[in-house]
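Chemist: Contents of model-v4.cif (mmCIF, N, CA and C atoms) are below:
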```
data_my_file
loop_
_atom_site.label_atom_id
_atom_site.label_comp_id
_atom_site.auth_asym_id
_atom_site.auth_seq_id
_atom_site.Cartn_x
_atom_site.Cartn_y
_atom_site.Cartn_z
N GLN A 1 -18.28 -4.42 -8.74
CA GLN A 1 -17.29 -5.10 -7.95
C GLN A 1 -15.90 -4.57 -8.29
N VAL A 2 -15.17 -4.16 -7.27
CA VAL A 2 -13.83 -3.62 -7.47
C VAL A 2 -12.81 -4.72 -7.24
N GLN A 3 -11.85 -4.81 -8.11
CA GLN A 3 -10.75 -5.74 -7.93
C GLN A 3 -9.44 -4.98 -7.90
N LEU A 4 -8.60 -5.36 -6.97
CA LEU A 4 -7.28 -4.75 -6.83
C LEU A 4 -6.24 -5.81 -7.12
N VAL A 5 -5.30 -5.49 -7.96
CA VAL A 5 -4.26 -6.45 -8.33
C VAL A 5 -2.90 -5.84 -8.02
N GLU A 6 -2.20 -6.46 -7.07
CA GLU A 6 -0.85 -6.03 -6.72
C GLU A 6 0.17 -6.79 -7.54
N SER A 7 1.30 -6.14 -7.73
CA SER A 7 2.43 -6.79 -8.38
C SER A 7 3.71 -6.16 -7.88
N GLY A 8 4.81 -6.86 -8.12
CA GLY A 8 6.11 -6.32 -7.77
C GLY A 8 6.80 -6.96 -6.59
N GLY A 9 6.13 -7.87 -5.93
CA GLY A 9 6.76 -8.52 -4.79
C GLY A 9 7.88 -9.46 -5.22
N GLY A 10 8.64 -9.92 -4.23
CA GLY A 10 9.72 -10.85 -4.52
C GLY A 10 10.75 -10.85 -3.42
N LEU A 11 11.89 -11.41 -3.73
CA LEU A 11 13.00 -11.52 -2.79
C LEU A 11 14.01 -10.43 -3.07
N VAL A 12 14.42 -9.75 -2.01
CA VAL A 12 15.39 -8.66 -2.16
C VAL A 12 16.34 -8.69 -0.96
N GLN A 13 17.55 -8.30 -1.18
CA GLN A 13 18.53 -8.26 -0.09
C GLN A 13 18.33 -7.01 0.76
N ALA A 14 18.72 -7.13 2.00
CA ALA A 14 18.64 -5.98 2.90
C ALA A 14 19.43 -4.81 2.30
N GLY A 15 18.83 -3.63 2.41
CA GLY A 15 19.43 -2.44 1.82
C GLY A 15 18.98 -2.17 0.41
N GLY A 16 18.30 -3.13 -0.19
CA GLY A 16 17.85 -2.98 -1.56
C GLY A 16 16.52 -2.27 -1.66
N SER A 17 16.01 -2.23 -2.88
CA SER A 17 14.76 -1.51 -3.17
C SER A 17 13.81 -2.41 -3.94
N ARG A 18 12.55 -2.04 -3.84
CA ARG A 18 11.50 -2.76 -4.56
C ARG A 18 10.35 -1.80 -4.77
N ARG A 19 9.68 -1.93 -5.91
CA ARG A 19 8.50 -1.11 -6.15
C ARG A 19 7.28 -2.00 -6.36
N LEU A 20 6.28 -1.76 -5.57
CA LEU A 20 5.01 -2.47 -5.70
C LEU A 20 4.03 -1.60 -6.48
N SER A 21 3.18 -2.28 -7.23
CA SER A 21 2.15 -1.58 -8.00
C SER A 21 0.79 -2.18 -7.67
N CYS A 22 -0.22 -1.35 -7.84
CA CYS A 22 -1.59 -1.81 -7.60
C CYS A 22 -2.51 -1.07 -8.55
N ALA A 23 -3.33 -1.83 -9.24
CA ALA A 23 -4.26 -1.23 -10.20
C ALA A 23 -5.67 -1.69 -9.89
N PRO A 24 -6.55 -0.81 -9.46
CA PRO A 24 -7.95 -1.17 -9.25
C PRO A 24 -8.73 -1.17 -10.55
N SER A 25 -9.77 -1.96 -10.58
CA SER A 25 -10.63 -1.99 -11.75
C SER A 25 -12.08 -1.90 -11.28
N GLY A 26 -12.95 -1.53 -12.14
CA GLY A 26 -14.36 -1.50 -11.81
C GLY A 26 -14.94 -0.12 -11.67
N ARG A 27 -14.14 0.84 -11.25
CA ARG A 27 -14.59 2.22 -11.17
C ARG A 27 -13.42 3.13 -11.48
N THR A 28 -13.69 4.38 -11.61
CA THR A 28 -12.64 5.34 -11.89
C THR A 28 -11.63 5.37 -10.75
N PHE A 29 -10.39 5.20 -11.11
CA PHE A 29 -9.32 5.14 -10.12
C PHE A 29 -9.30 6.39 -9.26
N SER A 30 -9.54 7.53 -9.86
CA SER A 30 -9.46 8.79 -9.12
C SER A 30 -10.54 8.91 -8.04
N SER A 31 -11.51 8.00 -8.02
CA SER A 31 -12.54 8.02 -6.99
C SER A 31 -12.03 7.48 -5.65
N TYR A 32 -10.92 6.78 -5.67
CA TYR A 32 -10.45 6.06 -4.49
C TYR A 32 -9.32 6.75 -3.77
N HIS A 33 -9.39 6.67 -2.47
CA HIS A 33 -8.21 6.88 -1.64
C HIS A 33 -7.51 5.53 -1.58
N MET A 34 -6.19 5.54 -1.64
CA MET A 34 -5.46 4.28 -1.74
C MET A 34 -4.50 4.10 -0.57
N GLY A 35 -4.38 2.86 -0.13
CA GLY A 35 -3.48 2.57 0.97
C GLY A 35 -2.73 1.28 0.75
N TRP A 36 -1.64 1.15 1.49
CA TRP A 36 -0.86 -0.08 1.53
C TRP A 36 -0.78 -0.54 2.98
N PHE A 37 -0.97 -1.82 3.16
CA PHE A 37 -0.84 -2.46 4.47
C PHE A 37 0.07 -3.67 4.30
N ARG A 38 0.54 -4.20 5.41
CA ARG A 38 1.36 -5.41 5.34
C ARG A 38 1.06 -6.30 6.53
N GLN A 39 1.31 -7.58 6.31
CA GLN A 39 1.08 -8.56 7.37
C GLN A 39 2.21 -9.56 7.38
N ALA A 40 2.93 -9.58 8.49
CA ALA A 40 4.00 -10.55 8.69
C ALA A 40 3.42 -11.80 9.34
N PRO A 41 4.10 -12.94 9.21
CA PRO A 41 3.59 -14.18 9.80
C PRO A 41 3.34 -14.03 11.29
N GLY A 42 2.16 -14.42 11.72
CA GLY A 42 1.82 -14.38 13.13
C GLY A 42 1.47 -13.01 13.67
N LYS A 43 1.40 -12.02 12.79
CA LYS A 43 1.11 -10.65 13.24
C LYS A 43 -0.14 -10.12 12.55
N GLU A 44 -0.68 -9.06 13.12
CA GLU A 44 -1.85 -8.43 12.52
C GLU A 44 -1.43 -7.59 11.31
N ARG A 45 -2.40 -7.34 10.46
CA ARG A 45 -2.16 -6.49 9.31
C ARG A 45 -1.95 -5.04 9.79
N GLN A 46 -0.88 -4.44 9.31
CA GLN A 46 -0.49 -3.11 9.77
C GLN A 46 -0.52 -2.09 8.64
N PHE A 47 -0.82 -0.88 9.00
CA PHE A 47 -0.79 0.23 8.05
C PHE A 47 0.65 0.52 7.65
N VAL A 48 0.83 0.82 6.35
CA VAL A 48 2.14 1.19 5.83
C VAL A 48 2.11 2.62 5.29
N ALA A 49 1.22 2.87 4.35
CA ALA A 49 1.16 4.19 3.72
C ALA A 49 -0.19 4.38 3.06
N ALA A 50 -0.56 5.64 2.88
CA ALA A 50 -1.83 5.95 2.20
C ALA A 50 -1.73 7.30 1.52
N LYS A 51 -2.52 7.44 0.48
CA LYS A 51 -2.57 8.72 -0.23
C LYS A 51 -4.03 8.98 -0.62
N SER A 52 -4.44 10.20 -0.40
CA SER A 52 -5.82 10.57 -0.71
C SER A 52 -6.05 10.56 -2.22
N ARG A 53 -7.31 10.56 -2.61
CA ARG A 53 -7.61 10.49 -4.04
C ARG A 53 -7.16 11.75 -4.76
N SER A 54 -7.11 12.86 -4.05
CA SER A 54 -6.62 14.10 -4.65
C SER A 54 -5.11 14.15 -4.69
N GLY A 55 -4.48 13.30 -3.89
CA GLY A 55 -3.04 13.33 -3.78
C GLY A 55 -2.52 14.35 -2.78
N ASP A 56 -3.42 15.10 -2.17
CA ASP A 56 -3.00 16.17 -1.27
C ASP A 56 -2.55 15.66 0.09
N THR A 57 -3.08 14.53 0.49
CA THR A 57 -2.80 14.02 1.83
C THR A 57 -2.10 12.67 1.74
N THR A 58 -1.01 12.55 2.46
CA THR A 58 -0.23 11.31 2.49
C THR A 58 0.09 10.97 3.94
N ALA A 59 0.11 9.69 4.23
CA ALA A 59 0.45 9.25 5.58
C ALA A 59 1.36 8.04 5.50
N TYR A 60 2.25 7.92 6.46
CA TYR A 60 3.16 6.78 6.54
C TYR A 60 3.22 6.30 7.99
N SER A 61 3.47 5.02 8.14
CA SER A 61 3.76 4.51 9.47
C SER A 61 5.16 4.95 9.85
N ASP A 62 5.40 5.04 11.14
CA ASP A 62 6.72 5.48 11.60
C ASP A 62 7.81 4.51 11.15
N SER A 63 7.49 3.25 11.02
CA SER A 63 8.49 2.25 10.69
C SER A 63 9.00 2.36 9.26
N VAL A 64 8.25 3.02 8.39
CA VAL A 64 8.68 3.12 7.00
C VAL A 64 8.95 4.56 6.56
N LYS A 65 8.63 5.51 7.41
CA LYS A 65 8.79 6.92 7.05
C LYS A 65 10.24 7.21 6.70
N GLY A 66 10.43 7.86 5.57
CA GLY A 66 11.77 8.18 5.11
C GLY A 66 12.38 7.11 4.22
N ARG A 67 11.78 5.94 4.18
CA ARG A 67 12.28 4.85 3.34
C ARG A 67 11.30 4.48 2.23
N PHE A 68 10.02 4.56 2.53
CA PHE A 68 8.99 4.18 1.55
C PHE A 68 8.30 5.44 1.04
N THR A 69 7.85 5.36 -0.21
CA THR A 69 7.11 6.45 -0.82
C THR A 69 5.90 5.90 -1.56
N ILE A 70 4.74 6.42 -1.23
CA ILE A 70 3.53 6.07 -1.97
C ILE A 70 3.26 7.15 -3.00
N SER A 71 2.88 6.72 -4.17
CA SER A 71 2.55 7.66 -5.23
C SER A 71 1.42 7.08 -6.06
N ARG A 72 0.79 7.95 -6.81
CA ARG A 72 -0.30 7.48 -7.66
C ARG A 72 -0.22 8.19 -9.01
N ASP A 73 -0.55 7.43 -10.02
CA ASP A 73 -0.57 7.96 -11.38
C ASP A 73 -1.99 7.75 -11.89
N ASN A 74 -2.78 8.80 -11.85
CA ASN A 74 -4.18 8.66 -12.25
C ASN A 74 -4.32 8.36 -13.74
N ALA A 75 -3.35 8.79 -14.52
CA ALA A 75 -3.41 8.52 -15.95
C ALA A 75 -3.22 7.03 -16.23
N LYS A 76 -2.45 6.37 -15.38
CA LYS A 76 -2.20 4.93 -15.54
C LYS A 76 -3.06 4.09 -14.62
N ASN A 77 -3.92 4.77 -13.84
CA ASN A 77 -4.79 4.04 -12.90
C ASN A 77 -4.00 3.11 -12.00
N THR A 78 -2.92 3.63 -11.45
CA THR A 78 -2.04 2.79 -10.66
C THR A 78 -1.52 3.55 -9.45
N VAL A 79 -1.40 2.83 -8.35
CA VAL A 79 -0.74 3.36 -7.17
C VAL A 79 0.52 2.53 -6.93
N TYR A 80 1.57 3.20 -6.47
CA TYR A 80 2.86 2.55 -6.29
C TYR A 80 3.31 2.67 -4.83
N LEU A 81 4.13 1.73 -4.43
CA LEU A 81 4.83 1.83 -3.16
C LEU A 81 6.30 1.57 -3.45
N GLN A 82 7.08 2.63 -3.44
CA GLN A 82 8.52 2.52 -3.63
C GLN A 82 9.15 2.25 -2.27
N MET A 83 9.85 1.15 -2.17
CA MET A 83 10.45 0.74 -0.90
C MET A 83 11.96 0.75 -1.05
N ASN A 84 12.61 1.59 -0.28
CA ASN A 84 14.07 1.70 -0.30
C ASN A 84 14.64 1.31 1.06
N SER A 85 15.92 1.04 1.06
CA SER A 85 16.62 0.68 2.31
C SER A 85 15.87 -0.42 3.06
N LEU A 86 15.51 -1.44 2.35
CA LEU A 86 14.69 -2.49 2.94
C LEU A 86 15.43 -3.23 4.04
N LYS A 87 14.67 -3.65 5.04
CA LYS A 87 15.21 -4.37 6.18
C LYS A 87 14.51 -5.73 6.28
N PRO A 88 15.15 -6.68 6.93
CA PRO A 88 14.49 -7.98 7.11
C PRO A 88 13.13 -7.87 7.77
N GLU A 89 12.97 -6.91 8.66
CA GLU A 89 11.68 -6.74 9.34
C GLU A 89 10.59 -6.18 8.43
N ASP A 90 10.93 -5.81 7.21
CA ASP A 90 9.93 -5.40 6.23
C ASP A 90 9.30 -6.61 5.53
N THR A 91 9.84 -7.77 5.79
CA THR A 91 9.30 -8.99 5.19
C THR A 91 7.84 -9.19 5.60
N ALA A 92 6.98 -9.31 4.61
CA ALA A 92 5.55 -9.44 4.87
C ALA A 92 4.81 -9.63 3.56
N VAL A 93 3.55 -9.94 3.67
CA VAL A 93 2.65 -9.85 2.52
C VAL A 93 2.11 -8.42 2.49
N TYR A 94 2.25 -7.78 1.37
CA TYR A 94 1.82 -6.39 1.22
C TYR A 94 0.49 -6.36 0.47
N TYR A 95 -0.45 -5.60 1.05
CA TYR A 95 -1.79 -5.51 0.50
C TYR A 95 -2.10 -4.08 0.07
N CYS A 96 -2.70 -3.99 -1.08
CA CYS A 96 -3.24 -2.73 -1.56
C CYS A 96 -4.70 -2.63 -1.13
N ALA A 97 -5.13 -1.43 -0.78
CA ALA A 97 -6.51 -1.24 -0.34
C ALA A 97 -7.06 0.07 -0.91
N ALA A 98 -8.36 0.08 -1.13
CA ALA A 98 -9.01 1.26 -1.70
C ALA A 98 -10.20 1.66 -0.84
N ALA A 99 -10.39 2.94 -0.70
CA ALA A 99 -11.50 3.47 0.10
C ALA A 99 -12.20 4.58 -0.67
N LEU A 100 -13.50 4.62 -0.53
CA LEU A 100 -14.29 5.66 -1.19
C LEU A 100 -14.53 6.87 -0.29
N ASP A 101 -14.55 6.64 1.01
CA ASP A 101 -14.85 7.72 1.95
C ASP A 101 -13.89 7.62 3.12
N ILE A 102 -12.98 8.57 3.22
CA ILE A 102 -11.94 8.48 4.23
C ILE A 102 -11.50 9.88 4.60
N THR A 103 -10.91 10.02 5.79
CA THR A 103 -10.37 11.31 6.20
C THR A 103 -8.89 11.17 6.50
N ALA A 104 -8.26 12.27 6.74
CA ALA A 104 -6.85 12.25 7.09
C ALA A 104 -6.62 11.47 8.38
N ALA A 105 -7.60 11.51 9.26
CA ALA A 105 -7.46 10.82 10.54
C ALA A 105 -7.70 9.33 10.41
N THR A 106 -8.55 8.95 9.48
CA THR A 106 -8.93 7.53 9.40
C THR A 106 -8.18 6.76 8.33
N MET A 107 -7.38 7.41 7.53
CA MET A 107 -6.74 6.71 6.43
C MET A 107 -5.71 5.71 6.89
N ILE A 108 -5.33 5.74 8.16
CA ILE A 108 -4.37 4.78 8.68
C ILE A 108 -5.05 3.54 9.24
N LEU A 109 -6.37 3.53 9.24
CA LEU A 109 -7.12 2.43 9.87
C LEU A 109 -7.52 1.39 8.83
N ARG A 110 -7.25 0.15 9.17
CA ARG A 110 -7.60 -0.95 8.26
C ARG A 110 -9.10 -0.97 7.98
N THR A 111 -9.89 -0.67 8.97
CA THR A 111 -11.34 -0.73 8.83
C THR A 111 -11.92 0.37 7.94
N SER A 112 -11.10 1.33 7.55
CA SER A 112 -11.59 2.43 6.70
C SER A 112 -11.67 2.04 5.23
N TYR A 113 -11.06 0.93 4.88
CA TYR A 113 -10.93 0.56 3.48
C TYR A 113 -12.01 -0.43 3.05
N ASP A 114 -12.50 -0.19 1.83
CA ASP A 114 -13.62 -0.97 1.33
C ASP A 114 -13.19 -2.18 0.51
N TYR A 115 -12.07 -2.08 -0.14
CA TYR A 115 -11.64 -3.12 -1.05
C TYR A 115 -10.17 -3.46 -0.81
N TRP A 116 -9.86 -4.74 -1.02
CA TRP A 116 -8.51 -5.24 -0.76
C TRP A 116 -8.04 -6.12 -1.90
N GLY A 117 -6.73 -6.07 -2.14
CA GLY A 117 -6.14 -6.99 -3.07
C GLY A 117 -5.78 -8.31 -2.39
N GLN A 118 -5.24 -9.21 -3.16
CA GLN A 118 -4.87 -10.54 -2.65
C GLN A 118 -3.52 -10.54 -1.95
N GLY A 119 -2.75 -9.51 -2.15
CA GLY A 119 -1.46 -9.41 -1.49
C GLY A 119 -0.31 -9.89 -2.36
N THR A 120 0.86 -9.36 -2.10
CA THR A 120 2.08 -9.78 -2.78
C THR A 120 3.19 -9.91 -1.74
N GLN A 121 3.92 -11.01 -1.81
CA GLN A 121 4.94 -11.31 -0.81
C GLN A 121 6.21 -10.53 -1.10
N VAL A 122 6.72 -9.89 -0.06
CA VAL A 122 8.03 -9.25 -0.12
C VAL A 122 8.89 -9.90 0.96
N THR A 123 10.01 -10.45 0.55
CA THR A 123 10.93 -11.10 1.48
C THR A 123 12.27 -10.40 1.40
N VAL A 124 12.74 -9.92 2.53
CA VAL A 124 14.02 -9.22 2.60
C VAL A 124 15.01 -10.11 3.33
N SER A 125 16.06 -10.49 2.65
CA SER A 125 17.06 -11.37 3.23
C SER A 125 18.19 -10.55 3.85
N SER A 126 18.73 -11.07 4.94
CA SER A 126 19.81 -10.34 5.63
C SER A 126 21.17 -10.72 5.08
#
```
Written as C-alpha coordinates, that's how I'd like the structure from this file.
Modeler:
Amino acid sequence: QVQLVESGGGLVQAGGSRRLSCAPSGRTFSSYHMGWFRQAPGKERQFVAAKSRSGDTTAYSDSVKGRFTISRDNAKNTVYLQMNSLKPEDTAVYYCAAALDITAATMILRTSYDYWGQGTQVTVSS
(Lines of atoms letter the chains of each structure in order from A and count residues from 1; the text may use other names and numbers.)
(Lines give C-alpha, C1' and ligand atoms only; values in the text may rest on other atoms or scores of the structure.)
Protein backbone atom coordinates (compact mmCIF):
# COMPACT_ATOMS: atom_id res chain seq x y z
CA GLN A 1 0.00 0.00 0.00
CA VAL A 2 1.41 3.36 -1.06
CA GLN A 3 0.82 6.44 1.03
CA LEU A 4 1.46 9.97 -0.13
CA VAL A 5 1.85 12.75 2.39
CA GLU A 6 1.73 16.37 1.26
CA SER A 7 2.95 19.31 3.28
CA GLY A 8 3.60 22.98 2.84
CA GLY A 9 0.15 24.39 2.32
CA GLY A 10 -1.11 27.52 4.02
CA LEU A 11 -2.11 31.12 3.55
CA VAL A 12 -0.03 33.35 1.32
CA GLN A 13 -0.52 36.80 -0.14
CA ALA A 14 -0.89 37.34 -3.84
CA GLY A 15 2.51 37.61 -5.48
CA GLY A 16 4.09 35.44 -2.84
CA SER A 17 5.62 31.98 -3.00
CA ARG A 18 5.03 28.61 -1.43
CA ARG A 19 6.69 25.23 -1.73
CA LEU A 20 4.73 22.02 -1.41
CA SER A 21 6.35 18.70 -0.66
CA CYS A 22 5.18 15.14 -1.12
CA ALA A 23 6.83 11.97 0.08
CA PRO A 24 5.51 8.55 -0.97
CA SER A 25 6.08 5.49 1.14
CA GLY A 26 5.74 1.81 0.51
CA ARG A 27 7.92 1.42 -2.57
CA THR A 28 11.01 2.93 -4.06
CA PHE A 29 10.33 6.55 -4.88
CA SER A 30 12.22 6.32 -8.15
CA SER A 31 9.63 3.80 -9.40
CA TYR A 32 6.96 6.50 -9.62
CA HIS A 33 6.07 9.19 -12.01
CA MET A 34 4.82 12.07 -9.89
CA GLY A 35 2.17 14.68 -10.44
CA TRP A 36 0.41 17.56 -8.75
CA PHE A 37 -3.26 18.36 -9.18
CA ARG A 38 -5.52 20.91 -7.54
CA GLN A 39 -9.18 21.29 -6.81
CA ALA A 40 -10.91 24.56 -6.10
CA PRO A 41 -14.33 24.68 -4.39
CA GLY A 42 -17.07 23.63 -6.78
CA LYS A 43 -14.62 22.66 -9.52
CA GLU A 44 -13.14 19.46 -10.83
CA ARG A 45 -9.65 18.35 -9.93
CA GLN A 46 -7.23 19.81 -12.46
CA PHE A 47 -3.75 18.91 -13.60
CA VAL A 48 -1.00 21.26 -12.43
CA ALA A 49 2.37 19.64 -13.10
CA ALA A 50 4.06 16.28 -13.52
CA LYS A 51 7.54 14.84 -13.79
CA SER A 52 8.54 11.43 -15.03
CA ARG A 53 10.37 9.02 -12.78
CA SER A 54 13.55 9.58 -14.76
CA GLY A 55 13.11 13.31 -14.53
CA ASP A 56 13.46 13.63 -18.29
CA THR A 57 9.88 14.62 -18.97
CA THR A 58 8.00 17.47 -17.32
CA ALA A 59 4.59 18.92 -18.02
CA TYR A 60 2.71 21.96 -16.74
CA SER A 61 -0.76 23.30 -17.18
CA ASP A 62 -0.93 26.55 -19.10
CA SER A 63 -2.27 28.35 -16.04
CA VAL A 64 0.88 27.72 -14.01
CA LYS A 65 3.57 27.54 -16.68
CA GLY A 66 6.36 29.96 -15.91
CA ARG A 67 5.28 30.37 -12.29
CA PHE A 68 5.36 26.85 -10.85
CA THR A 69 8.21 24.35 -10.92
CA ILE A 70 8.01 20.66 -10.16
CA SER A 71 11.15 18.92 -9.04
CA ARG A 72 12.10 15.66 -7.44
CA ASP A 73 14.90 14.61 -5.16
CA ASN A 74 15.27 10.86 -5.35
CA ALA A 75 17.82 10.88 -2.55
CA LYS A 76 15.23 12.42 -0.23
CA ASN A 77 12.30 10.50 -1.72
CA THR A 78 10.44 13.73 -2.19
CA VAL A 79 8.75 15.66 -4.96
CA TYR A 80 8.29 19.41 -4.69
CA LEU A 81 6.05 22.02 -6.23
CA GLN A 82 7.58 25.48 -6.05
CA MET A 83 4.85 28.05 -6.57
CA ASN A 84 5.84 31.63 -7.34
CA SER A 85 3.85 34.72 -8.25
CA LEU A 86 0.79 33.22 -6.67
CA LYS A 87 -2.63 34.52 -7.61
CA PRO A 88 -5.97 34.29 -5.81
CA GLU A 89 -7.14 31.89 -8.52
CA ASP A 90 -4.43 29.46 -7.41
CA THR A 91 -6.41 28.91 -4.22
CA ALA A 92 -7.25 25.22 -4.02
CA VAL A 93 -6.53 21.95 -2.32
CA TYR A 94 -3.35 20.61 -3.89
CA TYR A 95 -2.95 16.87 -4.32
CA CYS A 96 0.14 14.82 -4.92
CA ALA A 97 -0.26 11.76 -7.13
CA ALA A 98 1.94 8.85 -8.12
CA ALA A 99 1.82 6.61 -11.17
CA LEU A 100 3.70 3.45 -12.03
CA ASP A 101 2.95 3.37 -15.75
CA ILE A 102 2.52 6.61 -17.64
CA THR A 103 3.51 8.32 -20.88
CA ALA A 104 4.27 11.86 -21.84
CA ALA A 105 0.81 12.07 -23.35
CA THR A 106 -1.05 10.66 -20.39
CA MET A 107 0.79 12.27 -17.50
CA ILE A 108 -1.63 15.19 -17.53
CA LEU A 109 -4.64 12.93 -16.99
CA ARG A 110 -6.07 12.40 -13.54
CA THR A 111 -7.02 8.84 -14.43
CA SER A 112 -3.39 7.93 -15.14
CA TYR A 113 -2.42 8.07 -11.49
CA ASP A 114 -2.59 5.13 -9.14
CA TYR A 115 -2.13 6.76 -5.77
CA TRP A 116 -3.22 10.03 -4.22
CA GLY A 117 -2.45 12.02 -1.14
CA GLN A 118 -5.01 13.62 1.15
CA GLY A 119 -4.32 17.10 -0.15
CA THR A 120 -3.02 20.32 1.35
CA GLN A 121 -4.87 23.63 1.27
CA VAL A 122 -3.27 26.63 -0.38
CA THR A 123 -5.09 29.92 0.04
CA VAL A 124 -3.90 33.02 -1.79
CA SER A 125 -5.26 36.29 -0.47
CA SER A 126 -5.60 39.37 -2.64
Chemist: Excluding Gly117 (chain A) and its own-chain neighbours fewer than 4 positions away, which residues fall within 8 Å of it when counting only C-alpha atoms? Please give them as a list in words.
Modeler: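 Final neighbour list, sorted by chain and number: Gln3, Leu4, Val5, Glu6, Tyr95, Cys96 and Ala97 of chain A.
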Chemist: Which of these, A:Ala14, A:Ala75, A:Met107, A:Val2, has the shortest distance to Ser30 (chain A) once you count only N, CA and C atoms?
Modeler: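 Checking each of A:Ala14, A:Ala75, A:Met107, A:Val2 against Ser30 (chain A), counting only N, CA and C atoms, the winner is A:Ala75.
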Chemist: To one decimal place in Å, what is the distance between CA of Gln46 (chain A) and CA of Tyr94 (chain A)?
Modeler: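 CA of Tyr94 (chain A) lies 9.4 Å from CA of Gln46 (chain A).
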Chemist: By how many Å are CA of Phe68 (chain A) and CA of Tyr113 (chain A) apart?
Modeler: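 Atom-to-atom, CA of Phe68 (chain A) and CA of Tyr113 (chain A) are spaced 20.3 Å apart.
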Chemist: Got a sec: who's within 7 Å of Leu86 (chain A), counting all atoms listed in the file, leaving out chain neighbours fewer than 5 positions off, as a list in words?
Modeler: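 Neighbouring residues, sequence-local ones excluded: Gln13, Ala14, Gly15, Gly16, Ser17, Arg18 and Val124 of chain A.
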